[in-house]
$ cat target.cif   # mmCIF, N, CA and C atoms
data_coords
loop_
_atom_site.label_atom_id
_atom_site.label_comp_id
_atom_site.auth_asym_id
_atom_site.auth_seq_id
_atom_site.Cartn_x
_atom_site.Cartn_y
_atom_site.Cartn_z
N MET S 1 15.10 42.50 -45.81
CA MET S 1 14.45 41.37 -46.37
C MET S 1 13.54 40.74 -45.33
N SER S 2 12.30 40.52 -45.66
CA SER S 2 11.35 39.95 -44.72
C SER S 2 11.36 38.43 -44.84
N GLN S 3 11.05 37.78 -43.74
CA GLN S 3 11.01 36.32 -43.76
C GLN S 3 9.65 35.87 -44.26
N ARG S 4 9.70 34.85 -45.09
CA ARG S 4 8.45 34.28 -45.59
C ARG S 4 7.84 33.39 -44.53
N LYS S 5 6.55 33.42 -44.45
CA LYS S 5 5.85 32.55 -43.52
C LYS S 5 5.71 31.18 -44.16
N SER S 6 6.19 30.19 -43.48
CA SER S 6 6.15 28.83 -43.99
C SER S 6 4.80 28.20 -43.68
N VAL S 7 4.46 27.20 -44.46
CA VAL S 7 3.23 26.44 -44.22
C VAL S 7 3.32 25.74 -42.86
N PHE S 8 4.52 25.41 -42.43
CA PHE S 8 4.73 24.67 -41.20
C PHE S 8 5.01 25.56 -39.99
N SER S 9 4.98 26.85 -40.15
CA SER S 9 5.33 27.74 -39.04
C SER S 9 4.40 27.59 -37.85
N ASP S 10 3.11 27.39 -38.11
CA ASP S 10 2.17 27.17 -36.99
C ASP S 10 2.50 25.89 -36.24
N ILE S 11 2.84 24.86 -36.98
CA ILE S 11 3.18 23.57 -36.36
C ILE S 11 4.45 23.71 -35.53
N LEU S 12 5.46 24.37 -36.09
CA LEU S 12 6.73 24.55 -35.38
C LEU S 12 6.53 25.38 -34.11
N ARG S 13 5.74 26.43 -34.20
CA ARG S 13 5.49 27.27 -33.04
C ARG S 13 4.73 26.47 -31.96
N LYS S 14 3.79 25.67 -32.39
CA LYS S 14 3.01 24.86 -31.45
C LYS S 14 3.90 23.85 -30.72
N ASN S 15 4.87 23.26 -31.43
CA ASN S 15 5.77 22.29 -30.82
C ASN S 15 6.73 22.94 -29.84
N LYS S 16 7.03 24.22 -30.03
CA LYS S 16 7.92 24.91 -29.10
C LYS S 16 7.22 25.24 -27.79
N GLU S 17 5.91 25.36 -27.82
CA GLU S 17 5.13 25.67 -26.64
C GLU S 17 4.46 24.40 -26.14
N PRO S 18 5.05 23.73 -25.16
CA PRO S 18 4.46 22.47 -24.69
C PRO S 18 3.10 22.72 -24.03
N GLU S 19 2.17 21.84 -24.35
CA GLU S 19 0.84 21.92 -23.76
C GLU S 19 0.89 21.29 -22.37
N PRO S 20 0.11 21.84 -21.45
CA PRO S 20 0.09 21.22 -20.12
C PRO S 20 -0.49 19.81 -20.21
N LYS S 21 0.20 18.89 -19.58
CA LYS S 21 -0.19 17.49 -19.63
C LYS S 21 -1.21 17.20 -18.52
N ALA S 22 -2.30 16.57 -18.90
CA ALA S 22 -3.32 16.19 -17.91
C ALA S 22 -2.86 14.94 -17.18
N ALA S 23 -3.01 14.93 -15.87
CA ALA S 23 -2.60 13.78 -15.07
C ALA S 23 -3.63 12.67 -15.19
N SER S 24 -3.13 11.46 -15.33
CA SER S 24 -4.04 10.32 -15.41
C SER S 24 -4.50 9.96 -13.99
N ALA S 25 -5.56 9.15 -13.91
CA ALA S 25 -6.08 8.74 -12.61
C ALA S 25 -5.02 7.98 -11.81
N LYS S 26 -4.23 7.15 -12.51
CA LYS S 26 -3.19 6.37 -11.83
C LYS S 26 -2.13 7.30 -11.23
N GLU S 27 -1.73 8.33 -12.01
CA GLU S 27 -0.73 9.27 -11.52
C GLU S 27 -1.25 10.03 -10.31
N ILE S 28 -2.53 10.38 -10.33
CA ILE S 28 -3.11 11.10 -9.20
C ILE S 28 -3.14 10.21 -7.97
N GLU S 29 -3.55 8.95 -8.13
CA GLU S 29 -3.57 8.03 -7.00
C GLU S 29 -2.18 7.85 -6.41
N GLU S 30 -1.18 7.67 -7.28
CA GLU S 30 0.18 7.45 -6.80
C GLU S 30 0.73 8.69 -6.11
N SER S 31 0.37 9.89 -6.61
CA SER S 31 0.90 11.10 -6.00
C SER S 31 0.23 11.40 -4.67
N GLU S 32 -1.02 10.92 -4.48
CA GLU S 32 -1.73 11.16 -3.23
C GLU S 32 -1.27 10.23 -2.11
N ILE S 33 -0.65 9.12 -2.46
CA ILE S 33 -0.20 8.16 -1.45
C ILE S 33 1.07 8.69 -0.79
N GLU S 34 0.99 8.85 0.51
CA GLU S 34 2.17 9.30 1.24
C GLU S 34 3.01 8.09 1.62
N GLN S 35 4.27 8.12 1.27
CA GLN S 35 5.17 7.03 1.60
C GLN S 35 5.66 7.22 3.02
N PRO S 36 5.56 6.17 3.85
CA PRO S 36 6.06 6.28 5.21
C PRO S 36 7.57 6.46 5.22
N VAL S 37 8.03 7.26 6.15
CA VAL S 37 9.46 7.53 6.25
C VAL S 37 9.97 6.88 7.52
N ARG S 38 10.91 5.98 7.35
CA ARG S 38 11.53 5.32 8.50
C ARG S 38 13.01 5.64 8.50
N LYS S 39 13.48 6.13 9.62
CA LYS S 39 14.90 6.44 9.75
C LYS S 39 15.55 5.37 10.62
N PRO S 40 16.58 4.70 10.09
CA PRO S 40 17.26 3.70 10.92
C PRO S 40 18.06 4.38 12.02
N ALA S 41 18.21 3.67 13.12
CA ALA S 41 19.02 4.20 14.22
C ALA S 41 20.45 4.37 13.73
N ALA S 42 21.15 5.31 14.30
CA ALA S 42 22.49 5.65 13.84
C ALA S 42 23.45 4.46 13.85
N ASN S 43 23.41 3.67 14.92
CA ASN S 43 24.35 2.56 15.03
C ASN S 43 23.67 1.20 14.89
N GLN S 44 22.47 1.18 14.32
CA GLN S 44 21.74 -0.08 14.15
C GLN S 44 22.12 -0.70 12.81
N LYS S 45 22.62 -1.93 12.87
CA LYS S 45 23.02 -2.64 11.66
C LYS S 45 21.82 -3.41 11.12
N LYS S 46 21.60 -3.35 9.81
CA LYS S 46 20.46 -4.04 9.20
C LYS S 46 20.71 -5.54 9.22
N LEU S 47 19.68 -6.28 9.63
CA LEU S 47 19.76 -7.73 9.73
C LEU S 47 19.62 -8.34 8.34
N ASN S 48 20.55 -9.20 7.98
CA ASN S 48 20.47 -9.90 6.71
C ASN S 48 19.84 -11.26 6.96
N LYS S 49 18.52 -11.34 6.71
CA LYS S 49 17.78 -12.56 7.02
C LYS S 49 18.18 -13.71 6.10
N ALA S 50 18.66 -13.40 4.92
CA ALA S 50 19.04 -14.45 3.96
C ALA S 50 20.23 -15.27 4.46
N THR S 51 21.11 -14.66 5.24
CA THR S 51 22.30 -15.37 5.72
C THR S 51 22.22 -15.71 7.21
N SER S 52 21.19 -15.20 7.89
CA SER S 52 21.05 -15.47 9.32
C SER S 52 20.56 -16.90 9.55
N LYS S 53 21.15 -17.56 10.55
CA LYS S 53 20.74 -18.93 10.89
C LYS S 53 19.42 -18.95 11.64
N ASP S 54 18.96 -17.80 12.10
CA ASP S 54 17.70 -17.72 12.84
C ASP S 54 16.48 -17.62 11.93
N TYR S 55 16.70 -17.52 10.63
CA TYR S 55 15.60 -17.37 9.68
C TYR S 55 15.66 -18.45 8.60
N VAL S 56 14.49 -18.83 8.10
CA VAL S 56 14.39 -19.76 6.98
C VAL S 56 13.52 -19.11 5.91
N LYS S 57 13.79 -19.48 4.67
CA LYS S 57 13.01 -18.94 3.56
C LYS S 57 11.73 -19.74 3.42
N LEU S 58 10.63 -19.04 3.25
CA LEU S 58 9.32 -19.66 3.07
C LEU S 58 8.75 -19.17 1.75
N THR S 59 8.41 -20.10 0.89
CA THR S 59 7.81 -19.74 -0.39
C THR S 59 6.38 -20.21 -0.39
N ALA S 60 5.48 -19.33 -0.77
CA ALA S 60 4.07 -19.68 -0.81
C ALA S 60 3.43 -18.98 -1.99
N TYR S 61 2.45 -19.64 -2.57
CA TYR S 61 1.68 -19.03 -3.65
C TYR S 61 0.35 -18.59 -3.10
N ILE S 62 0.06 -17.30 -3.27
CA ILE S 62 -1.20 -16.76 -2.78
C ILE S 62 -1.90 -16.07 -3.97
N PRO S 63 -3.21 -15.92 -3.88
CA PRO S 63 -3.93 -15.25 -4.97
C PRO S 63 -3.43 -13.81 -5.15
N ARG S 64 -3.42 -13.36 -6.37
CA ARG S 64 -2.94 -12.02 -6.70
C ARG S 64 -3.71 -10.96 -5.91
N VAL S 65 -5.01 -11.15 -5.76
CA VAL S 65 -5.84 -10.19 -5.02
C VAL S 65 -5.40 -10.11 -3.56
N LEU S 66 -5.07 -11.25 -2.97
CA LEU S 66 -4.60 -11.27 -1.59
C LEU S 66 -3.26 -10.53 -1.46
N HIS S 67 -2.40 -10.69 -2.44
CA HIS S 67 -1.11 -9.99 -2.44
C HIS S 67 -1.33 -8.48 -2.48
N THR S 68 -2.27 -8.04 -3.32
CA THR S 68 -2.59 -6.62 -3.41
C THR S 68 -3.16 -6.12 -2.09
N ASP S 69 -4.04 -6.91 -1.47
CA ASP S 69 -4.60 -6.54 -0.17
C ASP S 69 -3.50 -6.43 0.89
N LEU S 70 -2.54 -7.35 0.84
CA LEU S 70 -1.42 -7.33 1.78
C LEU S 70 -0.62 -6.03 1.62
N LYS S 71 -0.32 -5.67 0.38
CA LYS S 71 0.45 -4.45 0.13
C LYS S 71 -0.30 -3.21 0.62
N ARG S 72 -1.62 -3.19 0.41
CA ARG S 72 -2.43 -2.05 0.88
C ARG S 72 -2.43 -1.97 2.41
N ALA S 73 -2.57 -3.12 3.05
CA ALA S 73 -2.57 -3.16 4.51
C ALA S 73 -1.22 -2.69 5.06
N MET S 74 -0.15 -3.12 4.41
CA MET S 74 1.18 -2.69 4.84
C MET S 74 1.32 -1.18 4.70
N LEU S 75 0.82 -0.64 3.60
CA LEU S 75 0.89 0.80 3.36
C LEU S 75 0.07 1.55 4.41
N ASP S 76 -1.12 1.03 4.70
CA ASP S 76 -1.98 1.67 5.72
C ASP S 76 -1.30 1.67 7.09
N ASP S 77 -0.60 0.59 7.41
CA ASP S 77 0.05 0.46 8.72
C ASP S 77 1.44 1.10 8.75
N GLY S 78 1.93 1.56 7.60
CA GLY S 78 3.24 2.20 7.56
C GLY S 78 4.39 1.22 7.65
N GLU S 79 4.16 -0.03 7.34
CA GLU S 79 5.20 -1.06 7.42
C GLU S 79 5.86 -1.23 6.05
N LEU S 80 7.17 -1.25 6.03
CA LEU S 80 7.91 -1.39 4.78
C LEU S 80 8.50 -2.78 4.58
N ASP S 81 8.65 -3.52 5.66
CA ASP S 81 9.28 -4.84 5.59
C ASP S 81 8.21 -5.92 5.50
N GLN S 82 8.08 -6.49 4.31
CA GLN S 82 7.04 -7.49 4.08
C GLN S 82 7.22 -8.71 4.97
N SER S 83 8.45 -9.17 5.14
CA SER S 83 8.71 -10.34 6.00
C SER S 83 8.26 -10.08 7.43
N LYS S 84 8.58 -8.91 7.93
CA LYS S 84 8.22 -8.55 9.30
C LYS S 84 6.70 -8.50 9.44
N TYR S 85 6.02 -7.95 8.45
CA TYR S 85 4.56 -7.84 8.50
C TYR S 85 3.90 -9.21 8.46
N ILE S 86 4.39 -10.07 7.58
CA ILE S 86 3.81 -11.42 7.48
C ILE S 86 4.11 -12.21 8.75
N GLU S 87 5.29 -12.04 9.32
CA GLU S 87 5.62 -12.71 10.59
C GLU S 87 4.63 -12.30 11.68
N LEU S 88 4.32 -11.01 11.76
CA LEU S 88 3.36 -10.53 12.75
C LEU S 88 1.98 -11.15 12.53
N LEU S 89 1.54 -11.22 11.27
CA LEU S 89 0.23 -11.81 10.97
C LEU S 89 0.19 -13.30 11.34
N ILE S 90 1.26 -14.02 11.03
CA ILE S 90 1.31 -15.45 11.35
C ILE S 90 1.32 -15.65 12.87
N ARG S 91 2.13 -14.87 13.58
CA ARG S 91 2.18 -14.99 15.04
C ARG S 91 0.80 -14.73 15.66
N THR S 92 0.13 -13.69 15.19
CA THR S 92 -1.20 -13.36 15.70
C THR S 92 -2.17 -14.51 15.43
N SER S 93 -2.10 -15.06 14.23
CA SER S 93 -2.98 -16.17 13.88
C SER S 93 -2.69 -17.40 14.73
N LEU S 94 -1.41 -17.71 14.95
CA LEU S 94 -1.04 -18.87 15.76
C LEU S 94 -1.46 -18.70 17.22
N GLU S 95 -1.32 -17.49 17.74
CA GLU S 95 -1.74 -17.23 19.12
C GLU S 95 -3.24 -17.43 19.26
N SER S 96 -3.99 -16.95 18.28
CA SER S 96 -5.44 -17.12 18.28
C SER S 96 -5.80 -18.60 18.18
N HIS S 97 -5.07 -19.31 17.33
CA HIS S 97 -5.30 -20.75 17.16
C HIS S 97 -5.00 -21.50 18.46
N SER S 98 -3.90 -21.16 19.10
CA SER S 98 -3.52 -21.82 20.36
C SER S 98 -4.58 -21.59 21.43
N ALA S 99 -5.10 -20.37 21.50
CA ALA S 99 -6.12 -20.05 22.49
C ALA S 99 -7.38 -20.86 22.22
N THR S 100 -7.74 -21.01 20.97
CA THR S 100 -8.93 -21.78 20.59
C THR S 100 -8.74 -23.25 20.91
N VAL S 101 -7.56 -23.79 20.60
CA VAL S 101 -7.28 -25.21 20.85
C VAL S 101 -7.28 -25.49 22.34
N SER S 102 -6.65 -24.64 23.13
CA SER S 102 -6.62 -24.87 24.58
C SER S 102 -8.01 -24.74 25.19
N LYS S 103 -8.83 -23.86 24.66
CA LYS S 103 -10.20 -23.70 25.15
C LYS S 103 -11.01 -24.97 24.89
N HIS S 104 -10.82 -25.55 23.69
CA HIS S 104 -11.54 -26.79 23.35
C HIS S 104 -11.02 -27.97 24.17
N SER S 105 -9.72 -28.02 24.42
CA SER S 105 -9.17 -29.14 25.18
C SER S 105 -9.60 -29.08 26.64
N ARG S 106 -9.80 -27.88 27.18
CA ARG S 106 -10.29 -27.75 28.56
C ARG S 106 -11.73 -28.26 28.67
N ARG S 107 -12.51 -28.01 27.64
CA ARG S 107 -13.90 -28.50 27.65
C ARG S 107 -13.94 -30.01 27.61
N ALA S 108 -13.07 -30.61 26.80
CA ALA S 108 -13.04 -32.07 26.64
C ALA S 108 -12.60 -32.76 27.93
N THR S 109 -11.66 -32.16 28.65
CA THR S 109 -11.15 -32.78 29.87
C THR S 109 -11.95 -32.35 31.10
N GLY S 110 -12.61 -31.22 31.04
CA GLY S 110 -13.29 -30.67 32.22
C GLY S 110 -14.66 -31.07 32.31
#
$ encode --input "target.cif" --output "structure tokens"
Amino acid sequence: MSQRKSVFSDILRKNKEPEPKAASAKEIEESEIEQPVRKPAANQKKLNKATSKDYVKLTAYIPRVLHTDLKRAMLDDGELDQSKYIELLIRTSLESHSATVSKHSRRATG
């Protein structure tokens, strides 16, 4: 007995053979980004800044574009800890500010 060809046989056969999926631009961008790999030291304990008395929580609202720029800069520099990265930026800015202020005060007194 031969099998009858169904009207839906082409559709069923097509569904069994998955078509190759084209990658979207976003998927390509994400796949091209290499994630930095950081290995913690064997006996190094992770610092819990939320419970440490040496740290305080700082909340600030920044423009969304600035946040995106920050994330890109962190990725470019291979930094994974946002707090650490922002601390470095603030320290650098304060050192620059201190140098500028002391330079101006020397002119005023000198």
$ axis_aligned_box --input "target.cif" --around "segment 83-98 of chain S" --padding-each-side "4 Å" --output "AutoDock Vina command-line options"
--center_x 1.5 --center_y -14.8 --center_z 13.3 --size_x 22.5 --size_y 22.0 --size_z 24.3
$ atom_distance --input "target.cif" --atom1 "atom CA of Met74 of chain S" --atom2 "atom CA of Glu87 of chain S"
12.4 Å
$ residues_near_point --input "target.cif" --point "(7.6, -15.1, 4.5)" --cutoff "7 Å" --atoms "only N, CA and C atoms" --output "list in words"
Lys57, Leu58, Thr59, Gln82, Ser83, Ile86 and Glu87 of chain S
$ atom_distance --input "target.cif" --atom1 "atom CA of Arg91 of chain S" --atom2 "atom CA of Asp77 of chain S"
16.8 Å
